[in-house]
>>> print(open('upload.cif').read())   # mmCIF, C-alpha atoms
data_structure
#
loop_
_atom_site.label_atom_id
_atom_site.label_comp_id
_atom_site.auth_asym_id
_atom_site.auth_seq_id
_atom_site.Cartn_x
_atom_site.Cartn_y
_atom_site.Cartn_z
CA MET H 1253 3.03 64.88 0.40
CA LYS H 1254 4.21 66.68 3.52
CA ARG H 1255 7.98 66.88 3.97
CA LEU H 1256 9.28 65.34 7.17
CA SER H 1257 10.75 67.60 9.77
CA LYS H 1258 14.46 67.38 10.58
CA GLY H 1259 13.63 65.38 13.67
CA ASN H 1260 11.64 62.84 11.66
CA HIS H 1261 14.39 62.71 9.05
CA ARG H 1262 16.70 61.66 11.90
CA ASP H 1263 14.13 59.06 12.96
CA VAL H 1264 14.05 57.60 9.45
CA TRP H 1265 17.80 57.02 9.47
CA ASN H 1266 17.87 55.74 13.03
CA LYS H 1267 15.31 53.13 11.99
CA GLU H 1268 17.32 52.21 8.88
CA TYR H 1269 20.48 51.64 10.89
CA LYS H 1270 18.59 49.53 13.41
CA THR H 1271 16.68 47.39 10.91
CA SER H 1272 18.10 47.94 7.37
CA GLY H 1273 14.47 47.95 6.34
CA HIS H 1274 14.85 49.85 3.04
CA LEU H 1275 18.54 50.09 2.22
CA ALA H 1276 21.24 47.43 2.08
CA LEU H 1277 23.66 48.97 4.60
CA SER H 1278 27.13 47.44 4.44
CA SER H 1279 30.10 47.60 6.79
CA GLU H 1280 32.52 47.25 3.86
CA PRO H 1281 33.84 50.36 2.05
CA GLY H 1282 32.02 51.19 -1.18
CA GLU H 1283 33.70 50.54 -4.52
CA ASP H 1284 33.30 54.14 -5.71
CA PHE H 1285 35.03 55.33 -2.54
CA LEU H 1286 37.87 52.83 -3.06
CA LYS H 1287 38.28 53.95 -6.66
CA GLY H 1288 38.53 57.54 -5.46
CA VAL H 1289 41.18 56.69 -2.87
CA ARG H 1290 43.22 54.70 -5.37
CA PHE H 1291 43.03 57.60 -7.82
CA ILE H 1292 44.28 60.08 -5.20
CA GLU H 1293 47.14 57.74 -4.30
CA ARG H 1294 48.14 57.37 -7.95
CA GLU H 1295 48.06 61.13 -8.44
CA THR H 1296 49.72 62.30 -5.21
CA GLY H 1297 51.15 59.23 -3.48
CA ARG H 1298 50.73 59.36 0.29
CA GLU H 1299 50.79 63.17 0.50
CA TYR H 1300 47.13 63.20 1.62
CA LEU H 1301 46.94 59.59 2.82
CA ASN H 1302 49.17 59.31 5.88
CA PRO H 1303 49.07 59.27 9.71
CA MET H 1304 49.51 63.06 9.86
CA ALA H 1305 46.46 63.66 7.66
CA THR H 1306 42.80 64.02 8.64
CA ALA H 1307 39.69 62.94 6.74
CA LEU H 1308 36.14 64.24 7.21
CA ASP H 1309 33.23 61.97 6.29
CA LEU H 1310 29.96 63.85 5.77
CA GLY H 1311 27.17 61.38 6.42
CA CYS H 1312 29.55 58.74 7.74
CA GLY H 1313 26.91 56.17 8.63
CA ASN H 1314 28.53 53.23 10.43
CA GLY H 1315 31.98 54.70 9.82
CA ARG H 1316 33.09 52.22 7.17
CA HIS H 1317 34.99 54.73 5.02
CA VAL H 1318 36.93 56.60 7.71
CA ILE H 1319 37.60 53.24 9.38
CA TYR H 1320 39.22 52.11 6.11
CA LEU H 1321 41.35 55.27 5.89
CA ALA H 1322 42.46 54.88 9.50
CA SER H 1323 43.15 51.14 9.19
CA VAL H 1324 44.99 51.21 5.85
CA TYR H 1325 46.72 54.61 5.90
CA GLY H 1326 46.78 55.45 9.62
CA MET H 1327 44.75 58.62 9.02
CA HIS H 1328 42.85 60.51 11.68
CA GLY H 1329 39.18 60.93 10.90
CA ILE H 1330 36.01 62.81 11.79
CA GLY H 1331 32.56 61.46 11.01
CA TYR H 1332 29.29 63.39 10.99
CA ASP H 1333 25.90 61.72 10.67
CA ILE H 1334 22.37 62.79 11.56
CA SER H 1335 21.60 59.32 12.96
CA GLU H 1336 22.57 58.66 16.58
CA GLU H 1337 22.21 54.93 15.89
CA ALA H 1338 24.73 55.14 13.04
CA ILE H 1339 27.17 57.06 15.22
CA MET H 1340 26.90 54.43 17.98
CA GLN H 1341 27.67 51.71 15.45
CA ALA H 1342 30.61 53.71 14.10
CA ARG H 1343 32.08 54.22 17.56
CA ASP H 1344 31.71 50.55 18.42
CA ALA H 1345 33.54 49.62 15.20
CA SER H 1346 36.34 52.15 15.71
CA LEU H 1347 37.88 51.15 19.03
CA GLN H 1348 41.62 51.94 19.16
CA LEU H 1349 41.42 53.95 15.92
CA PRO H 1350 42.11 57.74 15.79
CA LEU H 1351 38.52 58.58 14.85
CA LYS H 1352 35.94 60.95 16.30
CA TYR H 1353 32.23 61.05 15.54
CA GLU H 1354 29.38 63.47 16.11
CA ALA H 1355 25.65 63.03 15.61
CA ARG H 1356 24.70 66.18 13.72
CA SER H 1357 23.43 67.48 10.42
CA ILE H 1358 26.01 68.30 7.76
CA ALA H 1359 24.22 71.62 7.24
CA GLY H 1360 25.65 74.62 9.04
CA ASP H 1361 29.14 75.56 10.25
CA PHE H 1362 31.83 73.04 11.12
CA GLU H 1363 32.98 75.19 14.00
CA LYS H 1364 35.18 72.47 15.55
CA ILE H 1365 37.32 72.08 12.41
CA LYS H 1366 40.14 74.52 11.72
CA ASP H 1367 40.78 76.18 8.37
CA GLY H 1368 42.96 74.12 6.06
CA SER H 1369 43.19 71.15 8.43
CA VAL H 1370 41.53 68.37 6.39
CA ALA H 1371 43.27 66.40 3.64
CA ILE H 1372 40.28 64.49 2.25
CA ALA H 1373 36.55 65.13 2.57
CA LEU H 1374 33.92 62.55 1.69
CA ASP H 1375 30.38 63.35 0.53
CA LEU H 1376 29.01 60.00 -0.57
CA MET H 1377 25.26 60.05 -1.24
CA THR H 1378 24.65 62.63 1.49
CA SER H 1379 24.38 66.28 0.44
CA HIS H 1380 21.51 65.61 -1.98
CA PHE H 1381 19.24 65.81 1.08
CA LEU H 1382 20.15 69.49 1.54
CA LYS H 1383 18.36 72.42 -0.04
CA SER H 1384 20.17 74.81 -2.39
CA ALA H 1385 21.42 77.35 0.16
CA GLU H 1386 22.56 74.55 2.47
CA ARG H 1387 24.50 72.83 -0.32
CA GLU H 1388 26.24 76.09 -1.17
CA HIS H 1389 27.20 76.62 2.45
CA LEU H 1390 28.46 73.03 2.69
CA ARG H 1391 30.64 73.54 -0.38
CA ASP H 1392 32.06 76.72 1.19
CA GLU H 1393 32.77 74.93 4.48
CA ILE H 1394 34.52 72.10 2.63
CA LEU H 1395 36.65 74.65 0.84
CA ARG H 1396 37.48 76.35 4.13
CA ILE H 1397 38.59 73.22 5.98
CA LEU H 1398 40.46 71.54 3.11
CA LYS H 1399 44.20 71.98 2.83
CA PRO H 1400 45.46 73.61 -0.38
CA GLY H 1401 45.39 70.78 -2.89
CA GLY H 1402 43.09 68.73 -0.64
CA TRP H 1403 40.54 66.35 -2.09
CA LEU H 1404 36.78 65.84 -2.12
CA ILE H 1405 35.42 62.41 -3.05
CA PHE H 1406 31.81 62.96 -4.05
CA LYS H 1407 28.96 60.68 -5.16
CA THR H 1408 25.31 61.42 -5.84
CA PHE H 1409 22.38 60.48 -8.03
CA LEU H 1410 22.56 61.72 -11.64
CA ALA H 1411 19.54 63.12 -13.48
CA ASP H 1412 20.86 62.65 -17.03
CA GLU H 1413 19.01 59.85 -18.82
CA ASP H 1414 17.57 58.46 -15.58
CA LEU H 1415 13.92 57.49 -15.87
CA HIS H 1416 13.40 57.22 -12.10
CA THR H 1417 14.53 60.81 -11.56
CA LYS H 1418 12.37 62.04 -14.43
CA ARG H 1419 9.32 60.37 -12.89
CA LEU H 1420 10.04 61.63 -9.37
CA LEU H 1421 10.55 65.20 -10.57
CA ARG H 1422 7.28 65.02 -12.51
CA ASP H 1423 5.12 63.36 -9.84
CA TYR H 1424 6.61 64.68 -6.58
CA PRO H 1425 8.21 68.07 -7.36
CA ALA H 1426 9.79 70.08 -4.55
CA ASP H 1427 10.05 73.87 -4.41
CA GLU H 1428 13.50 74.05 -6.10
CA PRO H 1429 14.65 73.03 -9.59
CA GLY H 1430 15.96 69.47 -9.85
CA ALA H 1431 14.42 68.41 -6.54
CA TYR H 1432 11.51 66.24 -5.43
CA ILE H 1433 9.94 64.93 -2.22
CA HIS H 1434 10.69 61.24 -1.87
CA PRO H 1435 7.33 59.43 -1.99
CA GLU H 1436 8.29 56.85 0.63
CA PHE H 1437 10.52 58.75 3.06
CA GLY H 1438 8.87 62.14 2.59
CA VAL H 1439 12.24 63.90 2.50
CA TYR H 1440 13.68 66.42 0.06
CA GLU H 1441 16.18 65.09 -2.51
CA TYR H 1442 18.10 66.99 -5.16
CA VAL H 1443 19.48 65.28 -8.27
CA PRO H 1444 21.84 67.29 -10.50
CA THR H 1445 22.65 66.94 -14.14
CA GLU H 1446 26.34 66.70 -15.01
CA GLU H 1447 26.18 70.27 -16.31
CA ALA H 1448 24.71 71.55 -13.02
CA LEU H 1449 27.27 69.63 -11.01
CA ARG H 1450 30.14 71.13 -13.00
CA GLU H 1451 28.71 74.65 -12.69
CA PHE H 1452 28.45 74.17 -8.93
CA TYR H 1453 31.98 72.87 -8.29
CA GLU H 1454 34.33 73.88 -11.12
CA PRO H 1455 34.77 77.53 -10.11
CA PHE H 1456 36.31 76.25 -6.86
CA PHE H 1457 37.70 72.78 -7.55
CA THR H 1458 39.47 70.97 -10.35
CA ILE H 1459 37.49 67.90 -11.41
CA HIS H 1460 40.09 65.22 -12.13
CA LYS H 1461 37.86 62.18 -12.45
CA LEU H 1462 34.14 61.91 -13.18
CA GLU H 1463 32.59 58.49 -13.63
CA LYS H 1464 28.92 57.96 -14.46
CA SER H 1465 27.06 54.71 -13.99
CA HIS H 1466 25.29 53.21 -16.99
CA ARG H 1467 21.78 54.22 -17.99
CA HIS H 1468 20.41 50.97 -16.52
CA LEU H 1469 17.70 50.60 -19.10
CA ILE H 1470 16.32 47.07 -19.29
CA LYS H 1471 14.17 46.54 -22.40
CA GLY H 1472 13.33 50.22 -22.34
CA LYS H 1473 12.38 50.27 -18.65
CA ALA H 1474 14.22 51.85 -15.74
CA GLY H 1475 16.62 49.66 -13.80
CA LYS H 1476 18.83 51.02 -11.04
CA ARG H 1477 19.22 54.72 -10.36
CA ARG H 1478 22.03 56.50 -12.20
CA THR H 1479 24.87 57.83 -10.09
CA VAL H 1480 27.99 59.91 -10.65
CA SER H 1481 31.27 59.65 -8.70
CA VAL H 1482 33.76 62.51 -8.79
CA CYS H 1483 37.26 63.23 -7.49
CA LEU H 1484 37.75 66.98 -7.01
CA GLN H 1485 40.83 68.84 -5.84
CA LYS H 1486 40.91 72.22 -4.11
CA GLU H 1487 43.12 74.74 -5.88
CA TYR H 1488 46.56 75.32 -4.38
#
>>> encode(input="upload.cif", output="structure tokens")
Amino acid sequence: MKRLSKGNHRDVWNKEYKTSGHLALSSEPGEDFLKGVRFIERETGREYLNPMATALDLGCGNGRHVIYLASVYGMHGIGYDISEEAIMQARDASLQLPLKYEARSIAGDFEKIKDGSVAIALDLMTSHFLKSAEREHLRDEILRILKPGGWLIFKTFLADEDLHTKRLLRDYPADEPGAYIHPEFGVYEYVPTEEALREFYEPFFTIHKLEKSHRHLIKGKAGKRRTVSVCLQKEY
């Protein structure tokens, strides 16, 4: 199957945000995100959750997570998403809040964001669309913009004991290990094992909390996809 171009990838997500044809897109903050925020608050109080702090949401969609941080903690926020439709929805939902949005890929440099200026970064089911070199550059950019001791709340699919991932890697392999071409969307997706995830992040971050979803086996057959949610802290 031919991989969609970046332009078509944008078209896929614009259509999703207009119609919700494939995914159940919510305006409420996700539970894994809320768990991550509560964990950070328990560990560090309001040091990174306050009106002087800035959050960056990578793949912000309709803005639901930065809207929560701005509404509950008074934080400033920046949201990036490849979908212009998502960004329009986010702006409409963020009136009077200290939030800025940009329709762009999360690959490449974040040239508008200063070194050490972000308290919390969010990568929630987003960077798995990037290829290996792009993911490495994204990690380096997150490290650059995070304050010392700043946080990354991260969620992605998990390959370990997931029958869906095993099938997709077998039937629709991409040109990099652990990646496939999605049979419906035609886009590249990477799914790490826990070991690969730790090897990728632990030289640069401290992993404080890692929570895996259940195997979701129903009478020996695959149920929902496995995911992993992680709270990581940049070294001081």
>>> atom_distance(input="upload.cif", atom1="CA of Glu1336 (chain H)", atom2="CA of Asp1309 (chain H)")
15.2 Å
>>> closest_residue(input="upload.cif", among="H:Leu1321, H:Leu1462, H:Ala1342, H:Met1377", to="Phe1409 (chain H)", atoms="all atoms listed in the file")
H:Met1377
>>> residues_around(input="upload.cif", residues="region 1352-1367 of chain H", least_positions_apart="3", cutoff="10 Å", atoms="all atoms listed in the file", output="PyMOL selection string")
chain H and resi 1258+1262+1308-1313+1315+1318+1328-1340+1342-1343+1346+1349+1370+1375+1378-1379+1381-1383+1385-1390+1392-1399
>>> resolve_selection(input="upload.cif", expression="the PyMOL selection byres ((chain H and resi 1296-1300) around 12)", output="PyMOL selection string")
chain H and resi 1289-1295+1301-1307+1321+1324-1328+1369-1373+1398-1404+1485
>>> atom_distance(input="upload.cif", atom1="CA of Gln1341 (chain H)", atom2="CA of Asn1314 (chain H)")
5.3 Å
>>> atom_distance(input="upload.cif", atom1="CA of Ser1279 (chain H)", atom2="CA of Lys1407 (chain H)")
17.8 Å
>>> resolve_selection(input="upload.cif", expression="the PyMOL selection byres ((chain H and resi 1283-1286) around 8)", output="JSON, numbers by chain")
{"H": [1281, 1282, 1287, 1288, 1289, 1290, 1317, 1376, 1405, 1407, 1481]}
>>> residues_near_point(input="upload.cif", point="(11.3, 68.9, 0.2)", cutoff="8 Å", atoms="only C-alpha atoms", output="PyMOL selection string")
chain H and resi 1255+1383+1426-1427+1431-1434+1438-1441
>>> write_last_selection(input="upload.cif", atoms="C-alpha atoms", output="compact mmCIF listing (two decimals), in the frame of the given file")
# COMPACT_ATOMS: atom_id res chain seq x y z
CA ARG H 1255 7.98 66.88 3.97
CA LYS H 1383 18.36 72.42 -0.04
CA ALA H 1426 9.79 70.08 -4.55
CA ASP H 1427 10.05 73.87 -4.41
CA ALA H 1431 14.42 68.41 -6.54
CA TYR H 1432 11.51 66.24 -5.43
CA ILE H 1433 9.94 64.93 -2.22
CA HIS H 1434 10.69 61.24 -1.87
CA GLY H 1438 8.87 62.14 2.59
CA VAL H 1439 12.24 63.90 2.50
CA TYR H 1440 13.68 66.42 0.06
CA GLU H 1441 16.18 65.09 -2.51
>>> resolve_selection(input="upload.cif", expression="the PyMOL selection byres ((chain H and resi 1450) around 12)", output="list in words")
Pro1444, Thr1445, Glu1446, Glu1447, Ala1448, Leu1449, Glu1451, Phe1452, Tyr1453, Glu1454, Pro1455, Phe1456, Phe1457, Thr1458, Ile1459, His1460, Lys1461, Leu1462, Val1480, Val1482, Cys1483 and Leu1484 of chain H
>>> residues_near_point(input="upload.cif", point="(5.7, 60.2, -6.7)", cutoff="8 Å", atoms="only C-alpha atoms", output="list in words")
Arg1419, Leu1420, Leu1421, Arg1422, Asp1423, Tyr1424, Ile1433, His1434 and Pro1435 of chain H
>>> closest_residue(input="upload.cif", among="H:Pro1429, H:Leu1374, H:His1416, H:Gln1348", to="Lys1476 (chain H)", atoms="only C-alpha atoms")
H:His1416
>>> build_atoms(input="upload.cif", residues="region 1445-1460 of chain H", atoms="N, CA and C atoms", output="PDB file, in the coordinates of the input")
ATOM      1  N   THR H1445      22.084  67.385 -12.873  1.00  0.00           N
ATOM      2  CA  THR H1445      22.650  66.940 -14.140  1.00  0.00           C
ATOM      3  C   THR H1445      24.168  67.093 -14.058  1.00  0.00           C
ATOM      4  N   GLU H1446      24.884  66.503 -14.995  1.00  0.00           N
ATOM      5  CA  GLU H1446      26.340  66.700 -15.010  1.00  0.00           C
ATOM      6  C   GLU H1446      26.679  68.177 -15.210  1.00  0.00           C
ATOM      7  N   GLU H1447      25.924  68.852 -16.073  1.00  0.00           N
ATOM      8  CA  GLU H1447      26.180  70.270 -16.310  1.00  0.00           C
ATOM      9  C   GLU H1447      26.013  71.082 -15.021  1.00  0.00           C
ATOM     10  N   ALA H1448      24.935  70.817 -14.273  1.00  0.00           N
ATOM     11  CA  ALA H1448      24.710  71.550 -13.020  1.00  0.00           C
ATOM     12  C   ALA H1448      25.791  71.247 -12.000  1.00  0.00           C
ATOM     13  N   LEU H1449      26.218  70.000 -11.951  1.00  0.00           N
ATOM     14  CA  LEU H1449      27.270  69.630 -11.010  1.00  0.00           C
ATOM     15  C   LEU H1449      28.569  70.369 -11.326  1.00  0.00           C
ATOM     16  N   ARG H1450      28.911  70.429 -12.607  1.00  0.00           N
ATOM     17  CA  ARG H1450      30.140  71.130 -13.000  1.00  0.00           C
ATOM     18  C   ARG H1450      30.032  72.630 -12.697  1.00  0.00           C
ATOM     19  N   GLU H1451      28.890  73.219 -12.973  1.00  0.00           N
ATOM     20  CA  GLU H1451      28.710  74.650 -12.690  1.00  0.00           C
ATOM     21  C   GLU H1451      28.839  74.934 -11.197  1.00  0.00           C
ATOM     22  N   PHE H1452      28.431  73.985 -10.374  1.00  0.00           N
ATOM     23  CA  PHE H1452      28.450  74.170  -8.930  1.00  0.00           C
ATOM     24  C   PHE H1452      29.875  74.068  -8.361  1.00  0.00           C
ATOM     25  N   TYR H1453      30.669  73.159  -8.897  1.00  0.00           N
ATOM     26  CA  TYR H1453      31.980  72.870  -8.290  1.00  0.00           C
ATOM     27  C   TYR H1453      33.171  73.469  -9.039  1.00  0.00           C
ATOM     28  N   GLU H1454      33.113  73.554 -10.368  1.00  0.00           N
ATOM     29  CA  GLU H1454      34.330  73.880 -11.120  1.00  0.00           C
ATOM     30  C   GLU H1454      34.895  75.283 -10.865  1.00  0.00           C
ATOM     31  N   PRO H1455      34.113  76.259 -10.443  1.00  0.00           N
ATOM     32  CA  PRO H1455      34.770  77.530 -10.110  1.00  0.00           C
ATOM     33  C   PRO H1455      35.706  77.436  -8.903  1.00  0.00           C
ATOM     34  N   PHE H1456      35.585  76.359  -8.120  1.00  0.00           N
ATOM     35  CA  PHE H1456      36.310  76.250  -6.860  1.00  0.00           C
ATOM     36  C   PHE H1456      37.241  75.046  -6.787  1.00  0.00           C
ATOM     37  N   PHE H1457      36.936  74.019  -7.558  1.00  0.00           N
ATOM     38  CA  PHE H1457      37.700  72.780  -7.550  1.00  0.00           C
ATOM     39  C   PHE H1457      38.109  72.415  -8.976  1.00  0.00           C
ATOM     40  N   THR H1458      39.147  71.617  -9.089  1.00  0.00           N
ATOM     41  CA  THR H1458      39.470  70.970 -10.350  1.00  0.00           C
ATOM     42  C   THR H1458      38.885  69.562 -10.325  1.00  0.00           C
ATOM     43  N   ILE H1459      38.054  69.249 -11.300  1.00  0.00           N
ATOM     44  CA  ILE H1459      37.490  67.900 -11.410  1.00  0.00           C
ATOM     45  C   ILE H1459      38.496  67.044 -12.184  1.00  0.00           C
ATOM     46  N   HIS H1460      39.096  66.085 -11.502  1.00  0.00           N
ATOM     47  CA  HIS H1460      40.090  65.220 -12.130  1.00  0.00           C
ATOM     48  C   HIS H1460      39.495  63.939 -12.689  1.00  0.00           C
TER      49      HIS H1460
END
